[in-house]
Amino acid sequence: MTSAPQPSGVRPAPARTPRDAFAALRAQGLRLSSARRALLVALVESDAPLTAEEVAERAAGDVGRADIASTYRNLDVLEREGLVHHVHVGHGPGRYRYAGGEPVDFLACEACGDVLALPPAALDDVRGALRERFAFDARFSHFPITGRCARCAG
């Protein structure tokens, strides 16, 4: 059986909870500002990848305001430190997810924008077929498989 390859050059996130993420950020020598704290909490609490605007909106409840430019800068720092991953879903804006959970691959509906997160093993047959036919190891964590969900296809 083919297993999902891991991205190269990305440090695995050492944290599974917001408190662990805060400690990891400090351990990497970075300041834990209230904005970064709010962004991490918003991402940890989300089941799906969020756009920067959605992250800023959710974080605004914790800090009173969330500047979108600062949100992008903080997301970039958190991604460099291995605490956040970004995902490209269709033609829309990039989305961000907390990196401390289990690895996931994605399916994205081109029509309604829904994103389905799956354990990588759920797509091992697809990866195996691509490897067998094209000698290609595929990942679907950064660029998901796109198409139409059952609701939109029907």
# chains A, B, ... in the order shown; residues from 1 in each chain; ligands from 1
$ residues_around --residues "Pro144 (chain A)" --least-positions-apart "4" --cutoff "9 Å" --atoms "only C-alpha atoms" --output "MDAnalysis selection string"
chainID A and resid 87:90 105:108 115 139:140
$ select_by_dssp --residues "region 15-78 of chain A" --states "helix (DSSP H, G or I)" --output "PyMOL selection string"
chain A and resi 18-27+34-45+52-63+68-78
$ closest_residue --among "A:Gly100, A:Gly128, A:Gly154, A:Pro49" --to "Leu78 (chain A)" --atoms "only C-alpha atoms"
A:Gly100
$ closest_residue --among "A:Arg73, A:Cys109, A:Asp47, A:Phe134" --to "Arg97 (chain A)" --atoms "only C-alpha atoms"
A:Asp47
$ residues_around --residues "Glu102 (chain A)" --least-positions-apart "3" --cutoff "10 Å" --atoms "only C-alpha atoms" --output "list in words"
Arg16, Tyr98, Ala99, Leu118, Pro119 and Pro120 of chain A
$ write_last_selection --atoms "all heavy atoms" --output "short mmCIF file (atom, residue, chain, number, x, y, z; two decimals), in the first residue's frame"
data_model
loop_
_atom_site.label_atom_id
_atom_site.label_comp_id
_atom_site.auth_asym_id
_atom_site.auth_seq_id
_atom_site.Cartn_x
_atom_site.Cartn_y
_atom_site.Cartn_z
N ARG A 16 -0.22 19.95 19.97
CA ARG A 16 -1.56 19.48 19.62
C ARG A 16 -2.66 20.37 20.21
O ARG A 16 -3.80 20.28 19.81
CB ARG A 16 -1.76 18.04 20.07
CG ARG A 16 -0.87 17.08 19.32
CD ARG A 16 -1.46 15.68 19.35
NE ARG A 16 -0.62 14.76 18.66
CZ ARG A 16 -0.72 14.48 17.37
NH1 ARG A 16 -1.62 15.07 16.64
NH2 ARG A 16 0.08 13.62 16.80
N TYR A 98 -4.05 24.65 11.27
CA TYR A 98 -3.09 24.38 12.33
C TYR A 98 -2.37 23.09 12.01
O TYR A 98 -2.97 22.10 11.59
CB TYR A 98 -3.83 24.29 13.67
CG TYR A 98 -2.92 24.02 14.83
CD1 TYR A 98 -1.94 24.93 15.16
CD2 TYR A 98 -3.05 22.87 15.57
CE1 TYR A 98 -1.08 24.68 16.22
CE2 TYR A 98 -2.21 22.62 16.64
CZ TYR A 98 -1.23 23.53 16.96
OH TYR A 98 -0.39 23.29 18.00
N ALA A 99 -1.07 23.07 12.17
CA ALA A 99 -0.25 21.92 11.78
C ALA A 99 -0.08 20.89 12.88
O ALA A 99 0.56 19.87 12.65
CB ALA A 99 1.12 22.42 11.30
N LEU A 118 -9.48 14.60 4.94
CA LEU A 118 -9.44 13.14 5.06
C LEU A 118 -8.10 12.69 5.61
O LEU A 118 -7.08 13.32 5.33
CB LEU A 118 -9.61 12.50 3.67
CG LEU A 118 -10.83 12.84 2.86
CD1 LEU A 118 -10.67 12.37 1.42
CD2 LEU A 118 -12.05 12.19 3.48
N PRO A 119 -8.09 11.57 6.33
CA PRO A 119 -6.78 11.02 6.71
C PRO A 119 -6.07 10.58 5.42
O PRO A 119 -6.73 10.08 4.49
CB PRO A 119 -7.12 9.83 7.60
CG PRO A 119 -8.56 9.55 7.38
CD PRO A 119 -9.20 10.77 6.81
N PRO A 120 -4.77 10.78 5.31
CA PRO A 120 -4.06 10.42 4.08
C PRO A 120 -4.31 8.99 3.61
O PRO A 120 -4.37 8.73 2.40
CB PRO A 120 -2.59 10.63 4.43
CG PRO A 120 -2.64 11.70 5.49
CD PRO A 120 -3.88 11.40 6.29
#
$ residues_around --residues "region 21-25 of chain A" --least-positions-apart "2" --cutoff "10 Å" --atoms "only C-alpha atoms" --output "ChimeraX atom specification"
/A:13-19,27-33,36-37,40-41,44,77-78,81-83,98-100
$ closest_residue --among "A:Asp124, A:Glu79, A:Glu54, A:Glu110" --to "Arg151 (chain A)" --atoms "only C-alpha atoms"
A:Glu110
$ closest_residue --among "A:Asp20, A:Asp125, A:Arg26, A:Arg95" --to "Val55 (chain A)" --atoms "only C-alpha atoms"
A:Arg95
$ residues_around --residues "Thr51 (chain A)" --least-positions-apart "3" --cutoff "12 Å" --atoms "only C-alpha atoms" --output "mmCIF file with all heavy atoms, in the first residue's frame"
data_model
loop_
_atom_site.group_PDB
_atom_site.id
_atom_site.type_symbol
_atom_site.label_atom_id
_atom_site.label_comp_id
_atom_site.auth_asym_id
_atom_site.auth_seq_id
_atom_site.Cartn_x
_atom_site.Cartn_y
_atom_site.Cartn_z
ATOM 1 N N LEU A 39 -4.789 34.015 16.763
ATOM 2 C CA LEU A 39 -4.745 33.306 15.484
ATOM 3 C C LEU A 39 -4.585 31.809 15.706
ATOM 4 O O LEU A 39 -5.267 31.001 15.063
ATOM 5 C CB LEU A 39 -3.598 33.824 14.625
ATOM 6 C CG LEU A 39 -3.675 35.256 14.132
ATOM 7 C CD1 LEU A 39 -2.439 35.620 13.333
ATOM 8 C CD2 LEU A 39 -4.923 35.496 13.315
ATOM 9 N N ALA A 42 -7.835 30.321 16.966
ATOM 10 C CA ALA A 42 -8.819 30.231 15.881
ATOM 11 C C ALA A 42 -8.522 29.036 14.977
ATOM 12 O O ALA A 42 -9.447 28.311 14.577
ATOM 13 C CB ALA A 42 -8.829 31.526 15.068
ATOM 14 N N LEU A 43 -7.258 28.817 14.664
ATOM 15 C CA LEU A 43 -6.903 27.702 13.783
ATOM 16 C C LEU A 43 -7.047 26.353 14.473
ATOM 17 O O LEU A 43 -7.527 25.394 13.870
ATOM 18 C CB LEU A 43 -5.483 27.887 13.250
ATOM 19 C CG LEU A 43 -5.343 29.014 12.228
ATOM 20 C CD1 LEU A 43 -3.878 29.349 12.000
ATOM 21 C CD2 LEU A 43 -6.030 28.650 10.924
ATOM 22 N N SER A 46 -10.693 25.250 14.592
ATOM 23 C CA SER A 46 -11.391 25.063 13.326
ATOM 24 C C SER A 46 -11.221 23.642 12.801
ATOM 25 O O SER A 46 -10.131 23.083 12.850
ATOM 26 C CB SER A 46 -10.869 26.049 12.284
ATOM 27 O OG SER A 46 -11.500 25.808 11.048
ATOM 28 N N ALA A 48 -11.840 22.959 9.604
ATOM 29 C CA ALA A 48 -11.490 23.096 8.189
ATOM 30 C C ALA A 48 -10.469 24.212 8.025
ATOM 31 O O ALA A 48 -10.377 25.099 8.873
ATOM 32 C CB ALA A 48 -12.743 23.410 7.378
ATOM 33 N N GLU A 54 -11.024 34.849 7.307
ATOM 34 C CA GLU A 54 -11.787 34.090 8.306
ATOM 35 C C GLU A 54 -11.005 33.972 9.608
ATOM 36 O O GLU A 54 -11.581 34.081 10.694
ATOM 37 C CB GLU A 54 -12.135 32.705 7.761
ATOM 38 C CG GLU A 54 -13.149 32.726 6.645
ATOM 39 C CD GLU A 54 -13.283 31.391 5.926
ATOM 40 O OE1 GLU A 54 -12.323 30.591 5.912
ATOM 41 O OE2 GLU A 54 -14.370 31.157 5.360
ATOM 42 N N VAL A 55 -9.697 33.742 9.504
ATOM 43 C CA VAL A 55 -8.857 33.668 10.709
ATOM 44 C C VAL A 55 -8.915 35.003 11.442
ATOM 45 O O VAL A 55 -9.110 35.050 12.660
ATOM 46 C CB VAL A 55 -7.391 33.306 10.359
ATOM 47 C CG1 VAL A 55 -6.507 33.378 11.599
ATOM 48 C CG2 VAL A 55 -7.304 31.927 9.731
ATOM 49 N N ALA A 56 -8.767 36.110 10.696
ATOM 50 C CA ALA A 56 -8.792 37.446 11.312
ATOM 51 C C ALA A 56 -10.135 37.702 11.977
ATOM 52 O O ALA A 56 -10.188 38.242 13.091
ATOM 53 C CB ALA A 56 -8.516 38.516 10.259
ATOM 54 N N GLU A 57 -11.219 37.299 11.324
ATOM 55 C CA GLU A 57 -12.560 37.510 11.885
ATOM 56 C C GLU A 57 -12.742 36.732 13.182
ATOM 57 O O GLU A 57 -13.246 37.255 14.172
ATOM 58 C CB GLU A 57 -13.601 37.077 10.854
ATOM 59 C CG GLU A 57 -15.030 37.319 11.281
ATOM 60 C CD GLU A 57 -15.995 36.890 10.192
ATOM 61 O OE1 GLU A 57 -15.878 37.409 9.062
ATOM 62 O OE2 GLU A 57 -16.851 36.024 10.475
ATOM 63 N N ARG A 58 -12.319 35.469 13.177
ATOM 64 C CA ARG A 58 -12.440 34.655 14.396
ATOM 65 C C ARG A 58 -11.523 35.172 15.501
ATOM 66 O O ARG A 58 -11.889 35.153 16.664
ATOM 67 C CB ARG A 58 -12.130 33.198 14.089
ATOM 68 C CG ARG A 58 -13.199 32.556 13.243
ATOM 69 C CD ARG A 58 -12.899 31.121 12.985
ATOM 70 N NE ARG A 58 -13.887 30.561 12.076
ATOM 71 C CZ ARG A 58 -14.160 29.277 12.001
ATOM 72 N NH1 ARG A 58 -13.521 28.408 12.767
ATOM 73 N NH2 ARG A 58 -15.067 28.850 11.154
ATOM 74 N N ILE A 68 -5.884 42.775 8.762
ATOM 75 C CA ILE A 68 -5.626 41.706 7.809
ATOM 76 C C ILE A 68 -4.151 41.626 7.412
ATOM 77 O O ILE A 68 -3.604 40.543 7.261
ATOM 78 C CB ILE A 68 -6.555 41.807 6.575
ATOM 79 C CG1 ILE A 68 -6.506 40.512 5.759
ATOM 80 C CG2 ILE A 68 -6.226 43.003 5.725
ATOM 81 C CD1 ILE A 68 -7.020 39.307 6.473
ATOM 82 N N THR A 71 -2.455 39.955 10.157
ATOM 83 C CA THR A 71 -2.851 38.547 10.147
ATOM 84 C C THR A 71 -1.986 37.776 9.157
ATOM 85 O O THR A 71 -1.451 36.715 9.487
ATOM 86 C CB THR A 71 -4.342 38.407 9.795
ATOM 87 O OG1 THR A 71 -5.109 39.050 10.805
ATOM 88 C CG2 THR A 71 -4.751 36.946 9.703
ATOM 89 N N TYR A 72 -1.822 38.306 7.940
ATOM 90 C CA TYR A 72 -0.975 37.638 6.947
ATOM 91 C C TYR A 72 0.468 37.527 7.442
ATOM 92 O O TYR A 72 1.101 36.478 7.273
ATOM 93 C CB TYR A 72 -1.003 38.384 5.610
ATOM 94 C CG TYR A 72 -2.152 37.978 4.719
ATOM 95 C CD1 TYR A 72 -3.195 38.863 4.479
ATOM 96 C CD2 TYR A 72 -2.195 36.735 4.104
ATOM 97 C CE1 TYR A 72 -4.256 38.500 3.652
ATOM 98 C CE2 TYR A 72 -3.240 36.363 3.280
ATOM 99 C CZ TYR A 72 -4.269 37.255 3.052
ATOM 100 O OH TYR A 72 -5.309 36.891 2.244
ATOM 101 N N LEU A 75 0.571 34.854 10.144
ATOM 102 C CA LEU A 75 0.404 33.523 9.555
ATOM 103 C C LEU A 75 1.689 33.070 8.873
ATOM 104 O O LEU A 75 2.066 31.899 8.964
ATOM 105 C CB LEU A 75 -0.772 33.515 8.571
ATOM 106 C CG LEU A 75 -2.155 33.565 9.197
ATOM 107 C CD1 LEU A 75 -3.216 33.827 8.131
ATOM 108 C CD2 LEU A 75 -2.465 32.283 9.970
ATOM 109 N N HIS A 85 0.051 25.383 8.317
ATOM 110 C CA HIS A 85 0.231 25.006 6.911
ATOM 111 C C HIS A 85 -0.785 25.765 6.089
ATOM 112 O O HIS A 85 -1.899 26.019 6.553
ATOM 113 C CB HIS A 85 -0.019 23.509 6.690
ATOM 114 C CG HIS A 85 0.975 22.616 7.325
ATOM 115 N ND1 HIS A 85 2.299 22.583 6.980
ATOM 116 C CD2 HIS A 85 0.821 21.696 8.303
ATOM 117 C CE1 HIS A 85 2.924 21.682 7.714
ATOM 118 N NE2 HIS A 85 2.051 21.134 8.520
ATOM 119 N N HIS A 86 -0.412 26.103 4.856
ATOM 120 C CA HIS A 86 -1.425 26.690 3.981
ATOM 121 C C HIS A 86 -1.810 25.684 2.903
ATOM 122 O O HIS A 86 -1.051 24.788 2.562
ATOM 123 C CB HIS A 86 -0.991 28.040 3.397
ATOM 124 C CG HIS A 86 0.023 27.962 2.318
ATOM 125 N ND1 HIS A 86 1.380 27.944 2.574
ATOM 126 C CD2 HIS A 86 -0.099 27.913 0.980
ATOM 127 C CE1 HIS A 86 2.035 27.884 1.442
ATOM 128 N NE2 HIS A 86 1.167 27.853 0.454
ATOM 129 N N VAL A 87 -3.029 25.844 2.416
ATOM 130 C CA VAL A 87 -3.629 24.946 1.435
ATOM 131 C C VAL A 87 -4.208 25.806 0.332
ATOM 132 O O VAL A 87 -4.812 26.845 0.608
ATOM 133 C CB VAL A 87 -4.773 24.126 2.086
ATOM 134 C CG1 VAL A 87 -5.417 23.190 1.086
ATOM 135 C CG2 VAL A 87 -4.294 23.373 3.308
ATOM 136 N N HIS A 88 -4.037 25.385 -0.909
ATOM 137 C CA HIS A 88 -4.646 26.090 -2.040
ATOM 138 C C HIS A 88 -5.895 25.325 -2.449
ATOM 139 O O HIS A 88 -5.804 24.173 -2.843
ATOM 140 C CB HIS A 88 -3.666 26.188 -3.206
ATOM 141 C CG HIS A 88 -2.485 27.027 -2.884
ATOM 142 N ND1 HIS A 88 -2.507 28.398 -2.966
ATOM 143 C CD2 HIS A 88 -1.251 26.707 -2.440
ATOM 144 C CE1 HIS A 88 -1.343 28.873 -2.600
ATOM 145 N NE2 HIS A 88 -0.557 27.873 -2.273
ATOM 146 N N VAL A 89 -7.034 25.964 -2.337
ATOM 147 C CA VAL A 89 -8.307 25.315 -2.630
ATOM 148 C C VAL A 89 -8.937 25.996 -3.836
ATOM 149 O O VAL A 89 -9.461 27.104 -3.723
ATOM 150 C CB VAL A 89 -9.261 25.389 -1.408
ATOM 151 C CG1 VAL A 89 -10.578 24.722 -1.724
ATOM 152 C CG2 VAL A 89 -8.607 24.740 -0.201
ATOM 153 N N GLY A 92 -9.909 30.170 -5.278
ATOM 154 C CA GLY A 92 -10.077 31.149 -4.213
ATOM 155 C C GLY A 92 -8.775 31.427 -3.487
ATOM 156 O O GLY A 92 -7.696 30.957 -3.864
ATOM 157 N N PRO A 93 -8.876 32.197 -2.423
ATOM 158 C CA PRO A 93 -7.677 32.530 -1.643
ATOM 159 C C PRO A 93 -7.115 31.301 -0.945
ATOM 160 O O PRO A 93 -7.829 30.322 -0.709
ATOM 161 C CB PRO A 93 -8.212 33.544 -0.620
ATOM 162 C CG PRO A 93 -9.656 33.219 -0.489
ATOM 163 C CD PRO A 93 -10.102 32.731 -1.838
ATOM 164 N N GLY A 94 -5.818 31.360 -0.619
ATOM 165 C CA GLY A 94 -5.207 30.288 0.147
ATOM 166 C C GLY A 94 -5.909 30.161 1.497
ATOM 167 O O GLY A 94 -6.520 31.103 1.988
ATOM 168 N N ARG A 95 -5.817 29.007 2.067
ATOM 169 C CA ARG A 95 -6.411 28.745 3.381
ATOM 170 C C ARG A 95 -5.320 28.237 4.310
ATOM 171 O O ARG A 95 -4.308 27.712 3.852
ATOM 172 C CB ARG A 95 -7.541 27.720 3.271
ATOM 173 C CG ARG A 95 -8.709 28.243 2.482
ATOM 174 C CD ARG A 95 -9.767 27.162 2.307
ATOM 175 N NE ARG A 95 -10.900 27.688 1.589
ATOM 176 C CZ ARG A 95 -12.032 28.061 2.158
ATOM 177 N NH1 ARG A 95 -12.193 27.943 3.456
ATOM 178 N NH2 ARG A 95 -13.012 28.536 1.435
ATOM 179 N N TYR A 96 -5.560 28.387 5.590
ATOM 180 C CA TYR A 96 -4.572 28.018 6.595
ATOM 181 C C TYR A 96 -5.190 27.035 7.572
ATOM 182 O O TYR A 96 -6.364 27.112 7.888
ATOM 183 C CB TYR A 96 -4.099 29.269 7.349
ATOM 184 C CG TYR A 96 -3.420 30.254 6.432
ATOM 185 C CD1 TYR A 96 -4.161 31.171 5.698
ATOM 186 C CD2 TYR A 96 -2.041 30.243 6.277
ATOM 187 C CE1 TYR A 96 -3.543 32.062 4.835
ATOM 188 C CE2 TYR A 96 -1.411 31.127 5.423
ATOM 189 C CZ TYR A 96 -2.174 32.037 4.699
ATOM 190 O OH TYR A 96 -1.557 32.901 3.849
ATOM 191 N N ARG A 97 -4.338 26.121 8.054
ATOM 192 C CA ARG A 97 -4.784 25.178 9.073
ATOM 193 C C ARG A 97 -3.664 24.983 10.079
ATOM 194 O O ARG A 97 -2.488 25.148 9.755
ATOM 195 C CB ARG A 97 -5.208 23.853 8.467
ATOM 196 C CG ARG A 97 -4.078 23.024 7.930
ATOM 197 C CD ARG A 97 -4.564 21.659 7.456
ATOM 198 N NE ARG A 97 -3.446 20.769 7.229
ATOM 199 C CZ ARG A 97 -2.866 20.022 8.161
ATOM 200 N NH1 ARG A 97 -3.298 20.027 9.396
ATOM 201 N NH2 ARG A 97 -1.846 19.246 7.870
ATOM 202 N N GLY A 113 -17.414 25.299 -2.811
ATOM 203 C CA GLY A 113 -16.281 25.682 -1.983
ATOM 204 C C GLY A 113 -16.070 24.822 -0.752
ATOM 205 O O GLY A 113 -15.137 25.054 0.009
ATOM 206 N N VAL A 115 -14.757 22.033 1.665
ATOM 207 C CA VAL A 115 -13.475 21.337 1.735
ATOM 208 C C VAL A 115 -13.645 20.169 2.689
ATOM 209 O O VAL A 115 -14.112 20.344 3.815
ATOM 210 C CB VAL A 115 -12.357 22.275 2.238
ATOM 211 C CG1 VAL A 115 -11.039 21.522 2.357
ATOM 212 C CG2 VAL A 115 -12.209 23.467 1.324
#
